[in-house]
$ cat coords28.pdb   # PDB, C-alpha atoms
ATOM      1  CA  LEU A  17     -94.282   0.556 154.087
ATOM      2  CA  GLU A  18     -94.530   0.543 157.866
ATOM      3  CA  PRO A  19     -91.761   2.667 159.406
ATOM      4  CA  GLU A  20     -92.879   1.631 162.895
ATOM      5  CA  LYS A  21     -91.499  -1.861 162.225
ATOM      6  CA  ASN A  22     -88.073  -0.559 161.248
ATOM      7  CA  PRO A  23     -85.509  -2.050 163.702
ATOM      8  CA  ALA A  24     -83.737   1.292 164.107
ATOM      9  CA  VAL A  25     -87.015   3.049 164.913
ATOM     10  CA  ARG A  26     -88.036   0.372 167.397
ATOM     11  CA  LEU A  27     -84.639   0.547 169.102
ATOM     12  CA  LEU A  28     -84.837   4.325 169.377
ATOM     13  CA  ARG A  29     -88.353   4.116 170.838
ATOM     14  CA  ARG A  30     -87.044   1.770 173.511
ATOM     15  CA  ILE A  31     -84.238   4.143 174.428
ATOM     16  CA  MET A  32     -86.143   7.441 174.308
ATOM     17  CA  HIS A  33     -89.648   8.832 174.473
ATOM     18  CA  VAL A  34     -90.891   9.998 171.079
ATOM     19  CA  THR A  35     -93.579  12.616 170.550
ATOM     20  CA  ASN A  36     -96.465  12.089 168.159
ATOM     21  CA  GLU A  37     -96.140  15.469 166.456
ATOM     22  CA  TYR A  38     -93.370  17.443 164.796
ATOM     23  CA  HIS A  39     -91.876  20.522 166.455
ATOM     24  CA  GLY A  40     -90.541  22.470 163.520
ATOM     25  CA  GLN A  41     -86.967  21.493 162.704
ATOM     26  CA  ARG A  42     -86.128  20.334 166.212
ATOM     27  CA  PHE A  43     -84.918  16.812 166.924
ATOM     28  CA  PHE A  44     -85.488  17.024 170.690
ATOM     29  CA  VAL A  45     -87.965  18.818 172.950
ATOM     30  CA  ARG A  46     -88.491  18.951 176.705
ATOM     31  CA  LYS A  47     -91.828  17.821 178.083
ATOM     32  CA  ASP A  48     -92.556  17.220 181.752
ATOM     33  CA  ARG A  49     -88.877  17.799 182.530
ATOM     34  CA  ARG A  50     -87.922  14.937 180.223
ATOM     35  CA  LEU A  51     -86.071  14.949 176.938
ATOM     36  CA  TRP A  52     -88.299  13.693 174.134
ATOM     37  CA  ALA A  53     -87.300  12.894 170.571
ATOM     38  CA  THR A  54     -89.445  14.208 167.745
ATOM     39  CA  PRO A  55     -90.521  12.209 164.670
ATOM     40  CA  LEU A  56     -87.969  14.229 162.720
ATOM     41  CA  LEU A  57     -85.222  12.347 164.577
ATOM     42  CA  LEU A  58     -86.853   9.076 163.538
ATOM     43  CA  VAL A  59     -86.773  10.233 159.929
ATOM     44  CA  LEU A  60     -83.076  11.054 160.249
ATOM     45  CA  VAL A  61     -82.307   7.662 161.803
ATOM     46  CA  VAL A  62     -84.174   5.779 159.067
ATOM     47  CA  VAL A  63     -82.469   7.732 156.284
ATOM     48  CA  GLU A  64     -78.974   7.299 157.712
ATOM     49  CA  THR A  65     -79.402   3.590 158.440
ATOM     50  CA  THR A  66     -80.603   3.162 154.863
ATOM     51  CA  ASP A  67     -77.452   4.912 153.648
ATOM     52  CA  VAL A  68     -75.292   2.567 155.713
ATOM     53  CA  ILE A  69     -77.149  -0.498 154.412
ATOM     54  CA  PHE A  70     -76.633   0.644 150.830
ATOM     55  CA  ALA A  71     -72.930   1.169 151.512
ATOM     56  CA  VAL A  72     -72.514  -2.282 153.079
ATOM     57  CA  ASP A  73     -74.438  -3.849 150.212
ATOM     58  CA  SER A  74     -72.161  -2.201 147.652
ATOM     59  CA  ILE A  75     -68.912  -3.444 149.224
ATOM     60  CA  PRO A  76     -69.063  -6.941 147.634
ATOM     61  CA  ALA A  77     -69.859  -5.313 144.292
ATOM     62  CA  ILE A  78     -66.868  -2.972 144.457
ATOM     63  CA  PHE A  79     -64.575  -5.853 145.451
ATOM     64  CA  ALA A  80     -65.649  -7.578 142.245
ATOM     65  CA  ILE A  81     -64.272  -4.574 140.354
ATOM     66  CA  THR A  82     -61.135  -3.634 142.278
ATOM     67  CA  MET A  83     -59.074  -4.890 145.212
ATOM     68  CA  ASP A  84     -57.545  -1.503 146.003
ATOM     69  CA  PRO A  85     -58.618  -0.609 149.592
ATOM     70  CA  PHE A  86     -58.339   3.128 148.904
ATOM     71  CA  ILE A  87     -60.753   2.939 145.972
ATOM     72  CA  VAL A  88     -63.133   0.699 147.924
ATOM     73  CA  TYR A  89     -63.195   3.071 150.898
ATOM     74  CA  THR A  90     -63.466   6.352 148.996
ATOM     75  CA  SER A  91     -66.086   5.062 146.550
ATOM     76  CA  ASN A  92     -68.378   4.028 149.391
ATOM     77  CA  VAL A  93     -67.863   7.338 151.194
ATOM     78  CA  PHE A  94     -68.821   9.296 148.091
ATOM     79  CA  ALA A  95     -71.736   6.929 147.486
ATOM     80  CA  ILE A  96     -73.145   7.797 150.909
ATOM     81  CA  LEU A  97     -72.591  11.521 150.360
ATOM     82  CA  GLY A  98     -74.133  11.618 146.903
ATOM     83  CA  LEU A  99     -76.856   8.990 147.137
ATOM     84  CA  ARG A 100     -79.771  11.288 147.939
ATOM     85  CA  ALA A 101     -78.595  14.145 145.714
ATOM     86  CA  LEU A 102     -78.230  11.825 142.728
ATOM     87  CA  TYR A 103     -81.639  10.336 143.474
ATOM     88  CA  PHE A 104     -83.369  13.684 143.007
ATOM     89  CA  LEU A 105     -81.304  14.366 139.890
ATOM     90  CA  LEU A 106     -82.242  11.010 138.363
ATOM     91  CA  ALA A 107     -85.859  11.475 139.428
ATOM     92  CA  GLY A 108     -85.969  14.724 137.472
ATOM     93  CA  ILE A 109     -84.342  13.126 134.454
ATOM     94  CA  MET A 110     -86.737  10.170 134.597
ATOM     95  CA  ASP A 111     -89.667  12.554 134.180
ATOM     96  CA  MET A 112     -88.052  14.009 131.071
ATOM     97  CA  PHE A 113     -86.955  10.746 129.417
ATOM     98  CA  ARG A 114     -89.509   7.957 129.559
ATOM     99  CA  TYR A 115     -87.155   5.297 128.170
ATOM    100  CA  LEU A 116     -84.220   6.113 130.442
ATOM    101  CA  LYS A 117     -85.353   3.406 132.879
ATOM    102  CA  VAL A 118     -85.143   0.857 130.091
ATOM    103  CA  GLY A 119     -81.691   2.105 129.140
ATOM    104  CA  LEU A 120     -80.439   1.905 132.720
ATOM    105  CA  SER A 121     -81.776  -1.637 133.032
ATOM    106  CA  PHE A 122     -79.795  -2.644 129.937
ATOM    107  CA  VAL A 123     -76.705  -0.969 131.387
ATOM    108  CA  LEU A 124     -77.076  -2.998 134.590
ATOM    109  CA  CYS A 125     -77.506  -6.182 132.551
ATOM    110  CA  PHE A 126     -74.353  -5.378 130.599
ATOM    111  CA  VAL A 127     -72.381  -4.748 133.792
ATOM    112  CA  GLY A 128     -73.648  -8.024 135.254
ATOM    113  CA  VAL A 129     -72.627  -9.993 132.168
ATOM    114  CA  LYS A 130     -69.239  -8.281 132.188
ATOM    115  CA  MET A 131     -68.659  -9.341 135.797
ATOM    116  CA  MET A 132     -69.766 -12.919 135.069
ATOM    117  CA  ILE A 133     -67.391 -13.454 132.147
ATOM    118  CA  VAL A 134     -64.420 -11.582 133.611
ATOM    119  CA  ASP A 135     -62.483 -14.849 134.039
ATOM    120  CA  LEU A 136     -63.185 -15.863 130.459
ATOM    121  CA  TYR A 137     -62.838 -12.581 128.618
ATOM    122  CA  LYS A 138     -61.824  -9.110 129.748
ATOM    123  CA  ILE A 139     -63.972  -6.536 127.963
ATOM    124  CA  PRO A 140     -61.795  -3.494 127.162
ATOM    125  CA  ILE A 141     -62.574  -0.277 128.990
ATOM    126  CA  GLY A 142     -63.138   1.582 125.740
ATOM    127  CA  VAL A 143     -65.709  -0.963 124.604
ATOM    128  CA  SER A 144     -67.502  -0.780 127.955
ATOM    129  CA  LEU A 145     -67.587   3.004 127.776
ATOM    130  CA  GLY A 146     -68.948   2.901 124.240
ATOM    131  CA  VAL A 147     -71.663   0.386 125.111
ATOM    132  CA  VAL A 148     -72.840   2.321 128.172
ATOM    133  CA  ALA A 149     -72.765   5.675 126.389
ATOM    134  CA  GLY A 150     -74.531   4.198 123.362
ATOM    135  CA  ILE A 151     -77.316   2.663 125.449
ATOM    136  CA  LEU A 152     -77.910   5.896 127.360
ATOM    137  CA  ALA A 153     -77.809   8.017 124.206
ATOM    138  CA  LEU A 154     -80.221   5.687 122.413
ATOM    139  CA  SER A 155     -82.682   5.732 125.309
ATOM    140  CA  ILE A 156     -82.541   9.543 125.494
ATOM    141  CA  PHE A 157     -83.051   9.985 121.749
ATOM    142  CA  ALA A 158     -85.936   7.504 121.766
ATOM    143  CA  SER A 159     -87.523   9.410 124.653
ATOM    144  CA  LEU A 160     -87.170  12.733 122.837
ATOM    145  CA  ILE A 161     -88.726  11.316 119.673
ATOM    146  CA  ALA A 162     -91.621   9.798 121.631
ATOM    147  CA  GLN A 163     -92.124  13.042 123.540
ATOM    148  CA  ARG A 164     -92.185  15.051 120.328
ATOM    149  CA  LYS A 165     -94.803  12.740 118.840
ATOM    150  CA  THR A 166     -96.914  13.005 121.979
ATOM    151  CA  LEU A 167     -96.818  16.796 121.969
ATOM    152  CA  ALA A 168     -97.571  17.028 118.253
ATOM    153  CA  ILE A 169    -101.061  18.561 117.934
ATOM    154  CA  PRO A 170    -102.731  19.024 114.540
ATOM    155  CA  ALA A 171    -103.045  22.722 113.816
ATOM    156  CA  SER A 172    -105.761  22.465 111.160
ATOM    157  CA  GLY A 173    -108.702  24.767 111.771
ATOM    158  CA  LEU A 174    -106.784  27.072 114.118
ATOM    159  CA  ASP A 175    -105.976  30.682 113.482
ATOM    160  CA  PRO A 176    -102.221  30.830 112.709
ATOM    161  CA  GLY A 177    -102.007  34.163 114.452
ATOM    162  CA  LEU A 178    -103.257  32.729 117.727
ATOM    163  CA  GLY A 179    -100.886  29.782 117.903
ATOM    164  CA  LEU A 180    -101.533  26.576 119.820
ATOM    165  CA  ARG A 181    -103.156  26.986 123.214
ATOM    166  CA  ASP A 182    -104.268  24.610 125.888
ATOM    167  CA  GLY A 183    -107.624  24.489 127.647
ATOM    168  CA  LEU A 184    -106.670  27.339 129.980
ATOM    169  CA  GLY A 185    -105.668  29.630 127.153
ATOM    170  CA  MET A 186    -101.954  29.177 127.847
ATOM    171  CA  SER A 187     -99.611  28.955 124.911
ATOM    172  CA  LEU A 188     -98.162  25.516 124.209
ATOM    173  CA  ASN A 189     -95.210  26.931 122.306
ATOM    174  CA  ARG A 190     -93.201  27.658 125.399
ATOM    175  CA  GLY A 191     -89.557  26.722 125.701
ATOM    176  CA  PRO A 192     -88.075  24.425 128.321
ATOM    177  CA  SER A 193     -88.605  25.395 131.936
ATOM    178  CA  ARG A 194     -85.846  26.564 134.245
ATOM    179  CA  ARG A 195     -85.989  23.238 136.093
ATOM    180  CA  GLN A 196     -85.470  21.313 132.858
ATOM    181  CA  ASN A 197     -82.527  23.528 131.957
ATOM    182  CA  LYS A 198     -80.890  22.806 135.326
ATOM    183  CA  VAL A 199     -81.398  19.082 134.881
ATOM    184  CA  TRP A 200     -79.859  19.221 131.417
ATOM    185  CA  ILE A 201     -76.848  21.155 132.728
ATOM    186  CA  TRP A 202     -76.205  18.719 135.584
ATOM    187  CA  PHE A 203     -76.689  15.762 133.285
ATOM    188  CA  ALA A 204     -74.162  17.166 130.805
ATOM    189  CA  VAL A 205     -71.661  17.883 133.595
ATOM    190  CA  ILE A 206     -71.907  14.337 134.969
ATOM    191  CA  ILE A 207     -71.512  12.783 131.519
ATOM    192  CA  ALA A 208     -68.494  14.996 130.807
ATOM    193  CA  VAL A 209     -66.824  14.042 134.098
ATOM    194  CA  LEU A 210     -67.421  10.330 133.490
ATOM    195  CA  VAL A 211     -66.016  10.548 129.971
ATOM    196  CA  ILE A 212     -62.905  12.386 131.187
ATOM    197  CA  VAL A 213     -62.320   9.833 133.943
ATOM    198  CA  LYS A 214     -62.729   6.924 131.557
ATOM    199  CA  LEU A 215     -60.480   8.426 128.906
ATOM    200  CA  THR A 216     -57.848   9.129 131.551
ATOM    201  CA  SER A 217     -57.972   5.539 132.767
ATOM    202  CA  ILE A 218     -57.662   4.278 129.202
ATOM    203  CA  SER A 219     -54.632   6.457 128.475
ATOM    204  CA  THR A 220     -52.776   5.339 131.606
ATOM    205  CA  GLY A 221     -52.431   1.777 130.327
ATOM    206  CA  PRO A 222     -53.056  -1.490 132.197
ATOM    207  CA  SER A 223     -54.242  -1.174 135.770
ATOM    208  CA  ALA A 224     -53.800  -3.329 138.845
ATOM    209  CA  ASP A 225     -57.254  -4.786 138.253
ATOM    210  CA  ASP A 226     -56.230  -5.982 134.793
ATOM    211  CA  ALA A 227     -53.144  -7.656 136.217
ATOM    212  CA  ILE A 228     -55.117  -9.277 139.043
ATOM    213  CA  VAL A 229     -57.663 -10.697 136.605
ATOM    214  CA  ALA A 230     -54.929 -12.117 134.381
ATOM    215  CA  ILE A 231     -53.171 -13.724 137.356
ATOM    216  CA  ARG A 232     -56.421 -15.246 138.601
ATOM    217  CA  VAL A 233     -57.088 -16.794 135.206
ATOM    218  CA  ALA A 234     -53.536 -18.159 135.139
ATOM    219  CA  GLN A 235     -53.958 -19.651 138.613
ATOM    220  CA  ARG A 236     -57.217 -21.293 137.604
ATOM    221  CA  ASP A 237     -55.796 -22.782 134.403
ATOM    222  CA  LEU A 238     -52.670 -23.979 136.174
ATOM    223  CA  ALA A 239     -54.736 -25.672 138.885
ATOM    224  CA  GLU A 240     -56.848 -27.341 136.202
ATOM    225  CA  ALA A 241     -53.719 -28.571 134.418
ATOM    226  CA  LYS A 242     -52.409 -30.072 137.662
ATOM    227  CA  ARG A 243     -55.762 -31.747 138.257
ATOM    228  CA  ILE A 244     -55.715 -33.338 134.816
ATOM    229  CA  HIS A 245     -52.097 -34.449 135.196
ATOM    230  CA  PRO A 246     -51.623 -35.129 138.927
ATOM    231  CA  GLY A 247     -48.041 -35.569 140.030
ATOM    232  CA  ALA A 248     -46.709 -34.689 136.605
ATOM    233  CA  LYS A 249     -43.363 -32.907 136.453
ATOM    234  CA  SER A 250     -42.559 -31.393 133.100
ATOM    235  CA  PRO A 251     -40.563 -28.417 131.862
ATOM    236  CA  THR A 252     -43.778 -26.831 130.600
ATOM    237  CA  LEU A 253     -45.407 -27.037 134.023
ATOM    238  CA  ASN A 254     -42.311 -25.656 135.724
ATOM    239  CA  GLU A 255     -42.162 -22.802 133.236
ATOM    240  CA  ALA A 256     -45.840 -21.994 133.806
ATOM    241  CA  GLU A 257     -45.303 -21.875 137.569
ATOM    242  CA  ALA A 258     -42.247 -19.666 137.107
ATOM    243  CA  GLN A 259     -44.205 -17.272 134.905
ATOM    244  CA  LEU A 260     -46.967 -17.126 137.499
ATOM    245  CA  ILE A 261     -44.465 -16.286 140.233
ATOM    246  CA  LEU A 262     -42.966 -13.632 137.975
ATOM    247  CA  ALA A 263     -46.418 -12.149 137.374
ATOM    248  CA  SER A 264     -47.142 -11.994 141.105
ATOM    249  CA  SER A 265     -43.810 -10.291 141.772
ATOM    250  CA  ALA A 266     -44.419  -7.743 139.029
ATOM    251  CA  LEU A 267     -47.866  -7.025 140.477
ATOM    252  CA  LYS A 268     -46.392  -6.314 143.905
ATOM    253  CA  GLU A 269     -43.891  -3.932 142.317
ATOM    254  CA  LYS A 270     -46.725  -2.233 140.358
ATOM    255  CA  ARG A 271     -45.314  -3.274 136.989
ATOM    256  CA  TYR A 272     -48.733  -4.155 135.685
ATOM    257  CA  GLU A 273     -47.875  -4.593 132.016
ATOM    258  CA  GLU A 274     -45.119  -7.082 132.820
ATOM    259  CA  ALA A 275     -47.456  -8.894 135.207
ATOM    260  CA  ILE A 276     -50.083  -9.268 132.493
ATOM    261  CA  LEU A 277     -47.552 -10.543 129.950
ATOM    262  CA  ALA A 278     -46.179 -13.114 132.393
ATOM    263  CA  ALA A 279     -49.686 -14.220 133.385
ATOM    264  CA  ARG A 280     -50.663 -14.645 129.743
ATOM    265  CA  LYS A 281     -47.562 -16.732 129.162
ATOM    266  CA  ALA A 282     -48.513 -18.920 132.132
ATOM    267  CA  ILE A 283     -52.050 -19.273 130.749
ATOM    268  CA  GLU A 284     -50.701 -20.310 127.370
ATOM    269  CA  LEU A 285     -48.427 -22.948 128.900
ATOM    270  CA  ALA A 286     -51.148 -24.273 131.214
ATOM    271  CA  ARG A 287     -53.620 -24.645 128.373
ATOM    272  CA  LYS A 288     -50.951 -26.368 126.325
ATOM    273  CA  LEU A 289     -50.689 -28.941 129.106
ATOM    274  CA  MET A 290     -54.459 -29.387 129.176
ATOM    275  CA  GLY A 291     -54.376 -30.163 125.477
TER     276      GLY A 291
END
$ encode --input "coords28.pdb" --output "structure tokens"
Amino acid sequence: LEPEKNPAVRLLRRIMHVTNEYHGQRFFVRKDRRLWATPLLLVLVVVETTDVIFAVDSIPAIFAITMDPFIVYTSNVFAILGLRALYFLLAGIMDMFRYLKVGLSFVLCFVGVKMMIVDLYKIPIGVSLGVVAGILALSIFASLIAQRKTLAIPASGLDPGLGLRDGLGMSLNRGPSRRQNKVWIWFAVIIAVLVIVKLTSISTGPSADDAIVAIRVAQRDLAEAKRIHPGAKSPTLNEAEAQLILASSALKEKRYEEAILAARKAIELARKLMG
């Protein structure tokens, strides 16, 4: 990595003079009656521009999940606020669970597949929650088993009264450190919050996203039916278009269950036309 080539750093160096050494926690110092920026300001600029880039990069991803502007805006705000804090939390957990990286990679693959097939099949929220929780739990249990096997030391030939000791004479039978306990607590809190949020979303019934997906599928199938039968006018086609209009109206009025039912009816009629 070469921070000197960062566009934000180069722009700041053009605007201001930058010292070569740090001055404690100060961002600016005065030298020769001029205001100079310290390298600490460069660090701040690089970190904040990285946060903004991550937020901009995540906007297309969040639009693939929801079209609600409030959710899009607030999710990116909280992503910026919690990005660095969650990084250190995950970094601590990664040291404890060697297979957590593998589990997270499988979770990302599952999310990617779910987004790719959303027009073909809508995976229920409960199933998604179960898959993600199962993958994470399996990776954690596998890490604990592997860690226990690694720490297992044969005790033959040792005095039982002395216990197991390392090369410095320190006992190996110590419990988890305070840092590990904190990581476990935060990890449990995050999992509990995610489970509560998911269960709440499941209990509230169909969402706007579910209705939007159903309407999009209906629009696609109806367009395909019109392409196969150009210029055709039939009661089935008219009924499918009417159901699609009804679904769109119900979506605007936030009657999501009715919108989904009407969209499914339109899909059924359109596919009947396609044969």
$ closest_residue --input "coords28.pdb" --among "A:Val25, A:Ile69, A:Gln163, A:Ala239" --to "Phe113 in chain A" --atoms "only C-alpha atoms"
A:Gln163
$ resolve_selection --input "coords28.pdb" --expression "the PyMOL selection byres ((chain A and resi 130) around 12)" --output "list in words"
Ala80, Ile81, Val123, Leu124, Cys125, Phe126, Val127, Gly128, Val129, Met131, Met132, Ile133, Val134, Asp135, Leu136, Tyr137, Lys138, Ile139, Pro140, Ile141, Val143, Ser144, Val147 and Val148 of chain A
$ atom_distance --input "coords28.pdb" --atom1 "CA of Gln41 in chain A" --atom2 "CA of Asn22 in chain A"
22.1 Å
$ residues_around --input "coords28.pdb" --residues "range 226-235 of chain A" --least-positions-apart "6" --cutoff "10 Å" --atoms "all atoms listed in the file" --output "ChimeraX atom specification"
/A:81-83,134-138,140,241,256-257,259-261,263-264,266-267,270-287
$ resolve_selection --input "coords28.pdb" --expression "the PyMOL selection byres ((chain A and resi 55) around 7)" --output "PDB file with C-alpha atoms, in the coordinates of the input"
ATOM      1  CA  VAL A  34     -90.891   9.998 171.079  1.00  0.00           C
ATOM      2  CA  THR A  35     -93.579  12.616 170.550  1.00  0.00           C
ATOM      3  CA  ASN A  36     -96.465  12.089 168.159  1.00  0.00           C
ATOM      4  CA  GLU A  37     -96.140  15.469 166.456  1.00  0.00           C
ATOM      5  CA  TYR A  38     -93.370  17.443 164.796  1.00  0.00           C
ATOM      6  CA  ALA A  53     -87.300  12.894 170.571  1.00  0.00           C
ATOM      7  CA  THR A  54     -89.445  14.208 167.745  1.00  0.00           C
ATOM      8  CA  LEU A  56     -87.969  14.229 162.720  1.00  0.00           C
ATOM      9  CA  LEU A  57     -85.222  12.347 164.577  1.00  0.00           C
ATOM     10  CA  LEU A  58     -86.853   9.076 163.538  1.00  0.00           C
ATOM     11  CA  VAL A  59     -86.773  10.233 159.929  1.00  0.00           C
TER      12      VAL A  59
END
$ atom_distance --input "coords28.pdb" --atom1 "CA of Leu238 in chain A" --atom2 "CA of Leu253 in chain A"
8.2 Å
$ resolve_selection --input "coords28.pdb" --expression "the PyMOL selection byres ((chain A and resi 151-162) around 9)" --output "PyMOL selection string"
chain A and resi 112-120+122-123+146-150+163-167
$ atom_distance --input "coords28.pdb" --atom1 "CA of Thr65 in chain A" --atom2 "CA of Trp52 in chain A"
20.7 Å
$ closest_residue --input "coords28.pdb" --among "A:Ile75, A:Leu106, A:Ala224, A:Leu60" --to "Arg42 in chain A" --atoms "all atoms listed in the file"
A:Leu60
$ closest_residue --input "coords28.pdb" --among "A:Phe44, A:Gly291, A:Ile31, A:Asp225" --to "His245 in chain A" --atoms "only C-alpha atoms"
A:Gly291
